[in-house]
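> Please see the structure below; I have some questions.
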Amino acid sequence: MKKDTLGDLAFFGGPRAFESVRSTSNLVQPDSDKVIRYIRTAYEQRRLTDNGLLVQTLEKRLAEIHETAHCITTCSGFIALMICMRVLALKGRREVIMPSLTYRRLADVAAWAGLTPCFCNVDVTSLGMTRDTVEPCISGETALIVGVHPITNLCDIDGLEQVSSAHSIPLLFDSVEAAWATHKGKMIGSFGHAEVFSLHASKLLNGFEGGYVMTNDGDLADALRAMSRYGYLGEDSSAEMGLNAKLNEMHAAMTLACLDDLDNQIERNRQRHLRYHQFLSPIRGLDVIPYDEIEKRGYKNVLVRLNASWPLTRDLTLQVLHAENMLARPYYFPALHTKATTYTTHRCGDLRTTEWLSRCYILLPCGDFVSEDDIRVVADLLDFLQHRGREINDRAAQESDL
Ligand SMILES: *Cc1c(COP(=O)(O)O)cnc(C)c1O
């Protein structure tokens, strides 16, 4: 199975390293009996949606875990972000500051909320926003700052909170990629004005689909809850604008079953990350981005930087891996400010650093369907690419000329 010659690479017609794909998504599947037991309680209650028992239980457990007063579940992380942007943005202003190197649809979320994305840079080490990358973007039009946690590290929580309070601009965190992280020993969830999480099947906590918002602000929680439940405020009264963003009992059942096993899942993730670290450390051109071992982390992804001694372009690296059924992915590519949109966007200053960073990283296969043996296979392939990179480049160029 180990590659000896260039012809052994699936990219050049050799056999694939894996019969079926190895993806970069988490795709954890909780015990199905447990999911069904939870669903049965919803059936017995005869309440399948609309703040049923399972949603109430889930919101309570999440509030305890995140050490935050209020949890509002929603049908997706996207919609949770949209509602938060809508409610939090300062009235009469339009711009939302967000990184350009981030979740591919974040600018769309702002547009759906009737706001204009304003793209900022990220720090070259953490890949997250900092006080220094955000503060120069603030203007009289700034309605909101969306602090997004990058994959692996956290953004500069303290710095963004300082900017937010110094300029009296609300701060929302997109904490989807930082679920189960701590900052200075404190669980995330209560930083800024609110934090948003996702329950999509590819995230740490799998609810099929879903999301939730955490906040310590009771009035904000009431406003978010009202808007996401048709704008309903009580008998005969409704908020200006509402939509249906409820989480149903089936999705809450799946999430609760996942939550019951989460500590084990995180430990499995950590073991996979350790293996990658160990197997890739002899490969000069690759740096596995470490997780902070002092703080709590979910260890969901394996993020690797291609440094100057890596012989292939990022694109060719990905093509070679894909041919082997290793669905490695680029880290948030392309940068959002380089994409054409049907709505207006602004960029804040020079984003060349972001463009450069957007070409340096890949995410390797991970999650519950990737075994230690699989990681060995991926590492052996990458080692082969490191050593035979020049020849691979030449042959790929020749074949594309034909
Ligand atoms: C997945 C993701 C979202 C969207 O969550 P969905 O539940 O899939 O709508 C938002 N932000 C980030 C950083 C994400 O990774």
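FYI, nothing fancy with the structure tokens labels: chains A, B, ... in order, residues from 1 per chain, ligands from 1 as they appear.
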Applying 10 Å and only C-alpha atoms, which residues near range 223-235 of chain A remain after dropping the ones on its own chain fewer than 2 positions away? List them as a ChimeraX atom specification.

/A:50-51,71-75,79-80,83-84,86-88,213,218-221,237-247

> Could you give me the residues within 9 Å of ligand 1, counting only C-alpha atoms and all ligand atoms, as a VMD selection string?

chain A and resid 74 to 81 102 to 106 148 to 151 174 to 178 196 to 203 209 to 212

> Mind writing the picked residues with C-alpha atoms as a short mmCIF file (atom, residue, chain, number, x, y, z; two decimals), in the first residue's frame?


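See out-v8.cif below for the written result:
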```
data_model
loop_
_atom_site.label_atom_id
_atom_site.label_comp_id
_atom_site.auth_asym_id
_atom_site.auth_seq_id
_atom_site.Cartn_x
_atom_site.Cartn_y
_atom_site.Cartn_z
CA THR A 74 -32.37 27.49 16.84
CA CYS A 75 -32.75 25.47 13.64
CA SER A 76 -29.18 26.26 12.46
CA GLY A 77 -26.05 28.17 13.35
CA PHE A 78 -26.51 30.32 10.27
CA ILE A 79 -29.99 31.46 11.34
CA ALA A 80 -28.80 31.99 14.93
CA LEU A 81 -26.08 34.32 13.63
CA THR A 102 -13.50 32.68 7.72
CA TYR A 103 -16.64 30.58 7.33
CA ARG A 104 -17.59 30.71 3.67
CA ARG A 105 -21.10 32.06 4.19
CA LEU A 106 -20.55 34.57 6.97
CA VAL A 148 -15.06 34.66 14.84
CA HIS A 149 -13.00 31.96 16.50
CA PRO A 150 -10.73 30.38 13.90
CA ILE A 151 -10.15 26.62 13.71
CA ASP A 174 -19.21 33.12 16.21
CA SER A 175 -17.97 30.35 18.50
CA VAL A 176 -18.91 27.42 16.27
CA GLU A 177 -15.32 26.24 15.85
CA ALA A 178 -14.46 26.82 19.49
CA VAL A 196 -23.38 31.48 18.59
CA PHE A 197 -22.83 27.72 18.22
CA SER A 198 -23.88 25.15 15.60
CA LEU A 199 -25.33 21.65 15.95
CA HIS A 200 -24.72 20.67 12.32
CA ALA A 201 -23.73 17.02 11.76
CA SER A 202 -20.15 18.03 10.94
CA LYS A 203 -19.60 19.96 14.18
CA GLU A 209 -28.92 20.34 12.12
CA GLY A 210 -29.38 23.11 14.65
CA GLY A 211 -27.71 25.90 16.53
CA TYR A 212 -27.90 27.89 19.73
#
```

> Could you check which of A:Leu351, A:Leu256, A:Ile65, A:Leu54 is closest to Leu336 in chain A, using only C-alpha atoms?

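Looking only at the distances to Leu336 in chain A, the closest residue turns out to be A:Leu351.
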
> May I have all residues of range 114-312 of chain A that DSSP, computed from the backbone, assigns to helix (DSSP H, G or I), given as a ChimeraX atom specification?

/A:131-137,157-167,176-178,218-228,249-260,262-280

> Write out as number ranges by chain the residues lying within 9 Å of Asn26 in chain A, counting only C-alpha atoms and excluding same-chain residues fewer than 6 positions away.

A: 201-204, 206, 269, 300-301, 366-369

> Any idea what the distance is between CA of Ala143 in chain A and CA of Leu127 in chain A?

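Taking CA of Ala143 in chain A and CA of Leu127 in chain A, their separation equals 23.4 Å.
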
> List as a list in words the protein and nucleic acid residues near Val21 in chain A, meaning an atom at most 8 Å away when only C-alpha atoms are counted, but skip any in the same chain fewer than 4 places from it.

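After dropping sequence-adjacent residues, the list is Asn325, Met326 and Leu327 of chain A.
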
> Please write the residues from the selection above to a file, keeping N, CA, C and O atoms, as a compact mmCIF listing (two decimals), in the first residue's frame.


```txt
# COMPACT_ATOMS: atom_id res chain seq x y z
N ASN A 325 -8.54 9.48 -2.20
CA ASN A 325 -9.74 9.47 -1.35
C ASN A 325 -9.52 10.10 0.02
O ASN A 325 -10.23 9.78 0.99
N MET A 326 -8.52 10.96 0.11
CA MET A 326 -8.32 11.73 1.35
C MET A 326 -8.89 13.11 1.06
O MET A 326 -8.28 13.89 0.32
N LEU A 327 -10.06 13.39 1.63
CA LEU A 327 -10.72 14.65 1.30
C LEU A 327 -10.19 15.82 2.14
O LEU A 327 -10.95 16.46 2.87
```

> Compile a residue-level contact table for range 157-197 of chain A against range 278-295 of chain A at a cut-off of 9 Å, reporting for every qualifying residue the shortest atom pair and its distance in Å to one decimal, with only C-alpha atoms counted, rows ordered by chain and ascending number, as a Markdown table.


```
| residue | atom | partner | partner_atom | distance |
| --- | --- | --- | --- | --- |
| A:Ala181 | CA | A:Glu295 | CA | 7.1 |
| A:Thr182 | CA | A:Glu295 | CA | 5.6 |
| A:His183 | CA | A:Glu295 | CA | 6.8 |
| A:Lys184 | CA | A:Glu295 | CA | 7.0 |
| A:Gly185 | CA | A:Glu295 | CA | 6.2 |
| A:Lys186 | CA | A:Glu295 | CA | 8.8 |
```

> Kindly export the residues of the current selection with C-alpha atoms, as a short mmCIF file (atom, residue, chain, number, x, y, z; two decimals), in the first residue's frame.


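Contents of out.cif, freshly written:
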```cif
data_model
loop_
_atom_site.label_atom_id
_atom_site.label_comp_id
_atom_site.auth_asym_id
_atom_site.auth_seq_id
_atom_site.Cartn_x
_atom_site.Cartn_y
_atom_site.Cartn_z
CA ALA A 181 -13.07 25.68 24.66
CA THR A 182 -12.05 27.63 27.73
CA HIS A 183 -10.47 31.08 27.84
CA LYS A 184 -8.31 31.62 30.93
CA GLY A 185 -10.03 28.62 32.46
CA LYS A 186 -13.56 29.89 31.82
#
```

> I need the residue nearest Pro30 in chain A from this list: A:Leu385, A:Leu318, A:Leu259, A:Met82. Use only C-alpha atoms for the distance.

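Of all the options, A:Leu259 lies closest to Pro30 in chain A.
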
> Enumerate as a VMD selection string all residues of range 15-235 of chain A assigned to strand (DSSP E or B) by DSSP on the backbone, naming them with the chain letters and numbers the document uses.

chain A and resid 22 70 to 74 95 to 99 116 to 120 142 to 148 171 to 174 182 to 183 186 to 187 194 to 198 211 to 215 229 232 to 234

> With N, CA and C atoms retained, write the just-selected residues as a compact mmCIF listing (two decimals), in the first residue's frame.


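Just written: out_31.txt:
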```txt
# COMPACT_ATOMS: atom_id res chain seq x y z
N ARG A 22 -12.16 9.56 3.19
CA ARG A 22 -11.88 9.96 4.57
C ARG A 22 -12.05 11.48 4.59
N HIS A 70 -28.46 32.27 29.79
CA HIS A 70 -29.53 31.93 28.85
C HIS A 70 -29.02 31.19 27.63
N CYS A 71 -29.79 30.17 27.23
CA CYS A 71 -29.51 29.45 25.99
C CYS A 71 -30.77 29.47 25.15
N ILE A 72 -30.64 29.87 23.88
CA ILE A 72 -31.78 29.87 22.96
C ILE A 72 -31.41 28.96 21.80
N THR A 73 -32.09 27.83 21.67
CA THR A 73 -31.78 26.92 20.56
C THR A 73 -32.46 27.42 19.28
N THR A 74 -31.85 27.06 18.15
CA THR A 74 -32.37 27.49 16.84
C THR A 74 -32.22 26.34 15.84
N GLU A 95 -22.73 48.68 8.98
CA GLU A 95 -21.57 47.79 8.75
C GLU A 95 -21.31 46.80 9.87
N VAL A 96 -20.98 45.57 9.46
CA VAL A 96 -20.58 44.53 10.42
C VAL A 96 -19.13 44.18 10.16
N ILE A 97 -18.28 44.35 11.15
CA ILE A 97 -16.87 43.99 10.98
C ILE A 97 -16.73 42.48 11.21
N MET A 98 -16.08 41.82 10.26
CA MET A 98 -15.84 40.37 10.35
C MET A 98 -14.55 40.05 9.60
N PRO A 99 -13.93 38.91 9.89
CA PRO A 99 -12.71 38.58 9.15
C PRO A 99 -13.05 38.16 7.72
N THR A 116 -24.12 45.30 5.94
CA THR A 116 -23.01 45.25 4.99
C THR A 116 -21.76 44.69 5.66
N PRO A 117 -21.22 43.59 5.14
CA PRO A 117 -19.99 43.06 5.72
C PRO A 117 -18.81 44.00 5.48
N CYS A 118 -17.97 44.14 6.47
CA CYS A 118 -16.76 44.96 6.35
C CYS A 118 -15.60 44.07 6.78
N PHE A 119 -14.76 43.69 5.82
CA PHE A 119 -13.77 42.63 6.08
C PHE A 119 -12.48 43.15 6.70
N CYS A 120 -12.03 42.47 7.75
CA CYS A 120 -10.76 42.85 8.39
C CYS A 120 -9.76 41.70 8.28
N THR A 142 -20.15 51.71 11.83
CA THR A 142 -20.02 50.36 12.40
C THR A 142 -21.20 50.04 13.33
N ALA A 143 -21.93 49.00 12.99
CA ALA A 143 -23.11 48.61 13.77
C ALA A 143 -22.82 47.46 14.72
N LEU A 144 -21.79 46.65 14.37
CA LEU A 144 -21.57 45.41 15.12
C LEU A 144 -20.19 44.84 14.78
N ILE A 145 -19.58 44.19 15.77
CA ILE A 145 -18.35 43.42 15.51
C ILE A 145 -18.70 41.94 15.68
N VAL A 146 -18.34 41.13 14.68
CA VAL A 146 -18.52 39.68 14.84
C VAL A 146 -17.14 39.05 15.00
N GLY A 147 -16.83 38.66 16.20
CA GLY A 147 -15.55 38.03 16.50
C GLY A 147 -15.67 36.53 16.20
N VAL A 148 -14.95 36.08 15.21
CA VAL A 148 -15.06 34.66 14.84
C VAL A 148 -13.85 33.90 15.37
N LEU A 171 -20.76 43.36 20.47
CA LEU A 171 -19.82 42.31 20.06
C LEU A 171 -20.51 40.95 20.12
N LEU A 172 -20.54 40.30 18.96
CA LEU A 172 -21.11 38.95 18.85
C LEU A 172 -19.97 38.00 18.52
N PHE A 173 -19.93 36.85 19.18
CA PHE A 173 -18.91 35.86 18.81
C PHE A 173 -19.54 34.72 18.01
N ASP A 174 -18.91 34.37 16.90
CA ASP A 174 -19.21 33.12 16.21
C ASP A 174 -18.26 32.10 16.82
N THR A 182 -12.09 26.67 26.62
CA THR A 182 -12.05 27.63 27.73
C THR A 182 -11.11 28.76 27.37
N HIS A 183 -11.36 29.92 27.97
CA HIS A 183 -10.47 31.08 27.84
C HIS A 183 -10.09 31.48 29.25
N LYS A 186 -12.10 29.72 31.80
CA LYS A 186 -13.56 29.89 31.82
C LYS A 186 -14.15 29.40 30.50
N MET A 187 -15.21 28.59 30.59
CA MET A 187 -15.86 28.09 29.38
C MET A 187 -16.33 29.27 28.53
N ALA A 194 -23.20 38.15 23.00
CA ALA A 194 -23.77 36.82 22.79
C ALA A 194 -22.77 35.98 22.01
N GLU A 195 -22.93 34.66 22.11
CA GLU A 195 -22.08 33.74 21.34
C GLU A 195 -22.98 32.73 20.63
N VAL A 196 -22.58 32.40 19.39
CA VAL A 196 -23.38 31.48 18.59
C VAL A 196 -22.63 30.17 18.36
N PHE A 197 -23.37 29.06 18.43
CA PHE A 197 -22.83 27.72 18.22
C PHE A 197 -23.70 26.97 17.20
N SER A 198 -23.13 25.95 16.58
CA SER A 198 -23.88 25.15 15.60
C SER A 198 -24.02 23.71 16.07
N GLY A 211 -28.67 24.93 16.02
CA GLY A 211 -27.71 25.90 16.53
C GLY A 211 -28.22 26.42 17.86
N TYR A 212 -27.41 27.24 18.51
CA TYR A 212 -27.90 27.89 19.73
C TYR A 212 -27.09 29.15 20.03
N VAL A 213 -27.73 30.02 20.82
CA VAL A 213 -27.11 31.27 21.23
C VAL A 213 -26.98 31.24 22.75
N MET A 214 -25.83 31.69 23.25
CA MET A 214 -25.65 31.84 24.69
C MET A 214 -25.50 33.33 25.00
N THR A 215 -26.15 33.78 26.06
CA THR A 215 -25.96 35.17 26.51
C THR A 215 -26.30 35.30 27.99
N ARG A 229 -39.21 32.79 17.31
CA ARG A 229 -40.48 32.05 17.44
C ARG A 229 -41.61 32.91 16.90
N TYR A 232 -43.40 36.12 18.42
CA TYR A 232 -44.45 36.00 19.43
C TYR A 232 -43.99 36.54 20.78
N LEU A 233 -44.76 37.48 21.33
CA LEU A 233 -44.38 38.06 22.63
C LEU A 233 -45.35 37.68 23.73
N GLY A 234 -46.47 37.11 23.36
CA GLY A 234 -47.50 36.79 24.36
C GLY A 234 -48.83 36.92 23.66
```

> For Gln45 in chain A, which residue out of A:Glu249, A:Asp31, A:Asp222, A:Glu67 is the nearest one, using only C-alpha atoms?

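Closest residue, counting only C-alpha atoms: A:Glu249.
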
> Just checking: using only C-alpha atoms, which residue out of A:Cys137, A:Val377, A:Val163, A:Met1 ends up closest to Pro365 in chain A?

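Under the stated criterion, the closest residue is A:Val377.
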